[in-house]
Structure formats: structure tokens, C-alpha cells
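Everything on this sheet refers to the single structure shown next.
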Amino acid sequence: MPAVPAVGGEDTVVRVKSIPEAAVARLAVYLRVLSGMAEQGLTTVASETLSAAAGVNSAKLRKDLSYLGSYGTRGVGYEVRVLVSQIERILGLTRQHKVAVVGIGNLGHALANYGGFPGRGFPVEALFDLDPDLVGVPVGGLPVSHLEDIPRVCAERQISIGIIATPPTAAQSVCDRLVAGGVQCILNFAPVVLQVPAHIEVRKVDLAVELQILSFHVARRADDAEAARENQGKAGLPGPGRPVDNGNGTGNGTGNGREAAGGGHGMVVR
């Protein structure tokens with residue numbers, strides 16, 4: 001299997017810039033699947049096996065992995081741990097990214113207590129809320145700080161990722177404070193579009209939108225089933241069938257944080 005240049009080399013920088021965002025999302029899925037395989041003791045995996053586990057076709061998987069310089073070995077497949085290492089390098093997971101959670105309601109509380117973040121390189125290092133009954137109280141072993149302390153605490157603890165789990169009315173002011181504290185990336189659960197400087201990356205997670213998309217697929221399949229029943233017994237009229245994209249191929253577009261982005265170095269809407 002071809003060697004992968006060390007991260008930071010010119011070839012790797014060019015390679016990372018050339019990877020489409022949809023492929024980056026799939027690489028994260030491959031990493032999750034491969035990590036599980038490694039835990040089970042698997043040393044090699046065929047592209048067909050990996051693609052089936054990840055929910056994509058094998059041709060797309062091979063194309064995605066070619067961005068890493070990985071082409072596998074004919075008759076053997078891919079070395080699991082080597083591939084894990086390559087994806088981790090491309091995704092920047094060779095170092096930890098400190099996380100702050102803002103809004104310690106039901107969702108924020110669950111995120112603060114989630115044990116899967118630290119092991120994947122995302123330790124939660126700061127918690128913030130406005131409620132005086134929460135400020136100073138430990139959640140997941142970490143005391144909650146006041147919203148006004150976001151810029152100072154984030155700067156002191158070198159927070160690079162902020163998670164917004166506040167009501168929509170507070171999301172923009174929280175976002176501004178996170179940016180002031182040096183946070184580079186924001187995961188936004190609030191159902192609101194944020195205005196941020198051009199260098200800030202935003203990922204939007206709108207659970208209501210995701211449910212509406214699932215509702216569409218349920219309704220479409222019900223319509224297909226009804227049409228198929230109506231067409232039974234009619235010559236030359238097979239039941240309709242439509243290919244279904246489960247989101248692993250190109251992403252569903254609801255969480256890319258780029259619904260409308262401005263150019264230059266001003267403020268953009270994300």
C-alpha cells in the first residue's frame with residue numbers, strides 16, 4: 001500500500017484542499033466503521049465489505065480513499081489500522097480539539113456528559129449557561145461558567161470548537177462571544193442562521209429539518225406502495241421504484257453550515 005506523506009508536507013496540504021466536502025463527510029463514516037473493525041481484531045478489509053458497512057457503493061469508496069493516496073492491494077484489500085491512521089491525519093485528528101458547550105439544558109447536559117467525545121479527540125473543557133442555579137455547578141465533572149465569561153475562558157483554555165445548544169434568541173450573541181474567545185468552528189443546534197466572520201466554520205444541526213426529511217421518505221415510499229398496488233395486474237405497468245439516497249453519498253445538505261456564504265473577509269451567514 002502506498003506510503004502517506006507526513007501531515008504538514010506540501011503534498012498532503014494540496015491533497016486535503018482537493019477533497020470535496022461530501023467526501024470528507026464520508027471519510028468520517030469510514031473512520032467510524034474501520035475503528036469498530038479494528039476493535040474486533042480485523043486486520044484487512046475488502047472495499048466491498050467496507051462500502052457495504054458504510055452504506056456507499058464500492059466505486060465511490062475507492063474514489064474517496066484515493067484522495068488519501070490509498071488504493072489497497074488486489075486480492076487483499078485495505079489494511080484497517082493503516083487506513084484508520086490515514087483518515088485520522090486527513091481529518092486533523094492527530095491532535096485534540098478542545099470543546100465548549102453553551103446552554104446546559106437537556107441537550108447541553110447530555111452533550112456535556114457524553115463519554116464518547118474525549119476518546120475521539122474532542123474533550124469538553126468548558127461549559128456555559130445563564131441560569132444562576134447552574135453557574136458554578138459541576139456537570140460531567142466540569143463547573144458551569146457564566147455566558148459573560150465565554151471570551152476569557154475560551155481564550156485561556158484554547159477552545160477551538162464551540163457547541164451552541166441555546167434557545168434561538170440567544171444563539172447569535174453566544175456565537176459572537178465564542179468568536180471573540182478565539183473559537184474557530186461552531187456546531188449550532190439552535191434553529192437559527194448565524195452571521196460569522198468568513199474564517200469561522202459553522203455546522204448546523206436542525207433536528208426538526210432532519211425529521212421532516214425522513215417524513216418525506218416515509219410519504220414517498222407509501223405513495224410508491226400505493227401506486228404498485230394500483231398497477232398490479234396491468235400489463236406493461238410495473239410498480240414504480242425510485243433510487244433512495246440515504247445521505248451517505250452526497251450529504252443531505254442540512255448541516256453544512258453554508259446555506260449562504262459571503263465572499264471576502266466580512267461577515268457571512270451560516
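Residue numbering restarts at 1 for every chain of the C-alpha cells, chains are lettered A, B, ... in their displayed order, and ligands are numbered from 1 as they appear.
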
**Request:** Could you tell me, as a PyMOL selection string, which residues of region 104-184 of chain A DSSP assigns to helix (DSSP H, G or I) when given the backbone?
**Result:** chain A and resi 106-113+116-119+147-157+168-180

**Request:** Could you give me, as a PyMOL selection string, the residues within 12 Å of Gln172 (chain A), counting only C-alpha atoms and dropping anything in the same chain fewer than 4 positions from it?
**Result:** chain A and resi 102+164-168+176-179+186+188-196+269-270

**Message:** Quick one: residues within 7 Å of region 88-98 of chain A, only C-alpha atoms, excluding same-chain residues fewer than 5 positions away - as a list in words?
**Reply:** Val7, Val16, Gly121, Phe122, Pro123, Val124, Glu125, Gln158, Ile159, Ser160 and Ile161 of chain A

**Message:** Considering only strand (DSSP E) as DSSP defines it on the backbone, what residues of region 106-182 of chain A qualify? List them as a ChimeraX atom specification.
**Reply:** /A:124-129,138-139,142-146,161-164

Using the selection just defined, write its residues with all heavy atoms as a short mmCIF file (atom, residue, chain, number, x, y, z; two decimals), in the first residue's frame.
```cif
data_model
loop_
_atom_site.label_atom_id
_atom_site.label_comp_id
_atom_site.auth_asym_id
_atom_site.auth_seq_id
_atom_site.Cartn_x
_atom_site.Cartn_y
_atom_site.Cartn_z
N VAL A 124 -14.38 17.86 26.25
CA VAL A 124 -15.17 19.03 26.64
C VAL A 124 -14.44 19.72 27.79
O VAL A 124 -14.28 19.15 28.87
CB VAL A 124 -16.59 18.62 27.06
CG1 VAL A 124 -17.38 19.84 27.54
CG2 VAL A 124 -17.31 17.96 25.89
N GLU A 125 -14.00 20.96 27.55
CA GLU A 125 -13.17 21.66 28.51
C GLU A 125 -13.85 22.88 29.13
O GLU A 125 -13.30 23.51 30.03
CB GLU A 125 -11.87 22.13 27.83
CG GLU A 125 -10.99 21.01 27.32
CD GLU A 125 -10.25 20.29 28.44
OE1 GLU A 125 -10.25 20.80 29.57
OE2 GLU A 125 -9.68 19.21 28.17
N ALA A 126 -15.06 23.23 28.65
CA ALA A 126 -15.75 24.39 29.21
C ALA A 126 -17.24 24.26 29.00
O ALA A 126 -17.70 23.76 27.95
CB ALA A 126 -15.23 25.68 28.57
N LEU A 127 -18.01 24.71 30.00
CA LEU A 127 -19.47 24.72 29.94
C LEU A 127 -19.97 26.11 30.33
O LEU A 127 -19.40 26.75 31.22
CB LEU A 127 -20.06 23.68 30.90
CG LEU A 127 -19.59 22.23 30.77
CD1 LEU A 127 -20.18 21.38 31.89
CD2 LEU A 127 -19.97 21.66 29.41
N PHE A 128 -21.03 26.56 29.65
CA PHE A 128 -21.55 27.90 29.91
C PHE A 128 -23.06 27.90 29.95
O PHE A 128 -23.72 27.18 29.18
CB PHE A 128 -21.07 28.88 28.83
CG PHE A 128 -19.59 29.00 28.71
CD1 PHE A 128 -18.90 28.26 27.76
CD2 PHE A 128 -18.87 29.85 29.53
CE1 PHE A 128 -17.53 28.37 27.62
CE2 PHE A 128 -17.48 29.97 29.42
CZ PHE A 128 -16.82 29.23 28.45
N ASP A 129 -23.61 28.74 30.83
CA ASP A 129 -25.05 28.93 30.89
C ASP A 129 -25.33 30.26 31.58
O ASP A 129 -24.44 30.85 32.20
CB ASP A 129 -25.74 27.79 31.63
CG ASP A 129 -27.20 27.66 31.25
OD1 ASP A 129 -28.02 28.44 31.76
OD2 ASP A 129 -27.53 26.78 30.42
N PRO A 138 -21.08 21.63 39.01
CA PRO A 138 -20.38 20.71 38.10
C PRO A 138 -21.37 19.88 37.28
O PRO A 138 -22.34 19.36 37.80
CB PRO A 138 -19.57 19.82 39.06
CG PRO A 138 -19.53 20.55 40.36
CD PRO A 138 -20.82 21.31 40.42
N VAL A 139 -21.08 19.75 35.99
CA VAL A 139 -21.82 18.88 35.10
C VAL A 139 -20.79 18.03 34.37
O VAL A 139 -19.91 18.56 33.70
CB VAL A 139 -22.67 19.67 34.08
CG1 VAL A 139 -23.33 18.72 33.10
CG2 VAL A 139 -23.71 20.52 34.79
N LEU A 142 -17.33 19.06 35.38
CA LEU A 142 -16.80 20.37 34.98
C LEU A 142 -17.78 21.45 35.43
O LEU A 142 -18.97 21.39 35.09
CB LEU A 142 -16.64 20.40 33.46
CG LEU A 142 -15.79 21.50 32.84
CD1 LEU A 142 -14.34 21.38 33.29
CD2 LEU A 142 -15.87 21.40 31.32
N PRO A 143 -17.31 22.46 36.20
CA PRO A 143 -18.21 23.51 36.66
C PRO A 143 -18.70 24.38 35.51
O PRO A 143 -17.96 24.67 34.57
CB PRO A 143 -17.36 24.32 37.64
CG PRO A 143 -15.95 24.04 37.25
CD PRO A 143 -15.94 22.64 36.72
N VAL A 144 -19.95 24.80 35.59
CA VAL A 144 -20.56 25.65 34.57
C VAL A 144 -20.16 27.10 34.81
O VAL A 144 -20.26 27.61 35.93
CB VAL A 144 -22.09 25.53 34.58
CG1 VAL A 144 -22.72 26.47 33.55
CG2 VAL A 144 -22.51 24.08 34.31
N SER A 145 -19.69 27.77 33.76
CA SER A 145 -19.33 29.19 33.84
C SER A 145 -20.46 30.04 33.27
O SER A 145 -21.34 29.56 32.57
CB SER A 145 -18.04 29.45 33.06
OG SER A 145 -16.97 28.68 33.56
N HIS A 146 -20.40 31.35 33.56
CA HIS A 146 -21.43 32.28 33.07
C HIS A 146 -21.15 32.64 31.62
O HIS A 146 -20.00 32.67 31.16
CB HIS A 146 -21.45 33.55 33.93
CG HIS A 146 -22.68 34.37 33.74
ND1 HIS A 146 -22.83 35.27 32.70
CD2 HIS A 146 -23.83 34.43 34.47
CE1 HIS A 146 -24.02 35.84 32.79
NE2 HIS A 146 -24.65 35.36 33.85
N ILE A 161 -13.49 24.51 19.34
CA ILE A 161 -14.82 24.18 18.84
C ILE A 161 -15.86 24.56 19.88
O ILE A 161 -15.76 24.18 21.05
CB ILE A 161 -14.93 22.69 18.51
CG1 ILE A 161 -13.94 22.30 17.41
CG2 ILE A 161 -16.36 22.34 18.08
CD1 ILE A 161 -13.93 20.82 17.10
N GLY A 162 -16.87 25.31 19.46
CA GLY A 162 -17.96 25.68 20.34
C GLY A 162 -19.25 25.01 19.90
O GLY A 162 -19.55 24.98 18.70
N ILE A 163 -20.00 24.47 20.84
CA ILE A 163 -21.30 23.86 20.56
C ILE A 163 -22.38 24.75 21.15
O ILE A 163 -22.39 25.02 22.36
CB ILE A 163 -21.41 22.44 21.15
CG1 ILE A 163 -20.33 21.53 20.55
CG2 ILE A 163 -22.80 21.86 20.90
CD1 ILE A 163 -20.34 20.12 21.11
N ILE A 164 -23.28 25.23 20.30
CA ILE A 164 -24.37 26.09 20.76
C ILE A 164 -25.63 25.26 20.90
O ILE A 164 -26.16 24.72 19.93
CB ILE A 164 -24.61 27.25 19.77
CG1 ILE A 164 -23.36 28.13 19.68
CG2 ILE A 164 -25.81 28.07 20.20
CD1 ILE A 164 -23.49 29.28 18.69
#
```

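Note that CA of Leu214 (chain A) and CA of Glu21 (chain A) are 22.4 Å apart.
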
**Length of the CA of Phe117 (chain A) to CA of Asn57 (chain A) vector [Å]** = 28.8 Å

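Between CA of Gly181 (chain A) and CA of Asp149 (chain A) the interatomic distance comes to 9.3 Å.
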
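Comparing A:Ala59, A:Asp224, A:Ala46, A:Gln86 by their smallest distance to Thr73 (chain A), the closest is A:Ala46 (using only C-alpha atoms).
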
**Prompt:** Counting only C-alpha atoms, which of A:Leu83, A:Ala23, A:Val76, A:Leu111 gets nearest to Val56 (chain A)?
**Reply:**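 Ranking A:Leu83, A:Ala23, A:Val76, A:Leu111 by distance to Val56 (chain A), first place goes to A:Ala23.
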
**Prompt:** Between A:Gly141, A:Pro132, A:Gly115, A:Gly103, which one has atoms that come closest to Ala170 (chain A), using only C-alpha atoms?
**Reply:** A:Gly103

**Asked** Between A:Ile87, A:Ala25, A:Val205, A:Ala227, which has the minimum distance to Leu68 (chain A) (counting only C-alpha atoms)?
**Response** A:Ile87
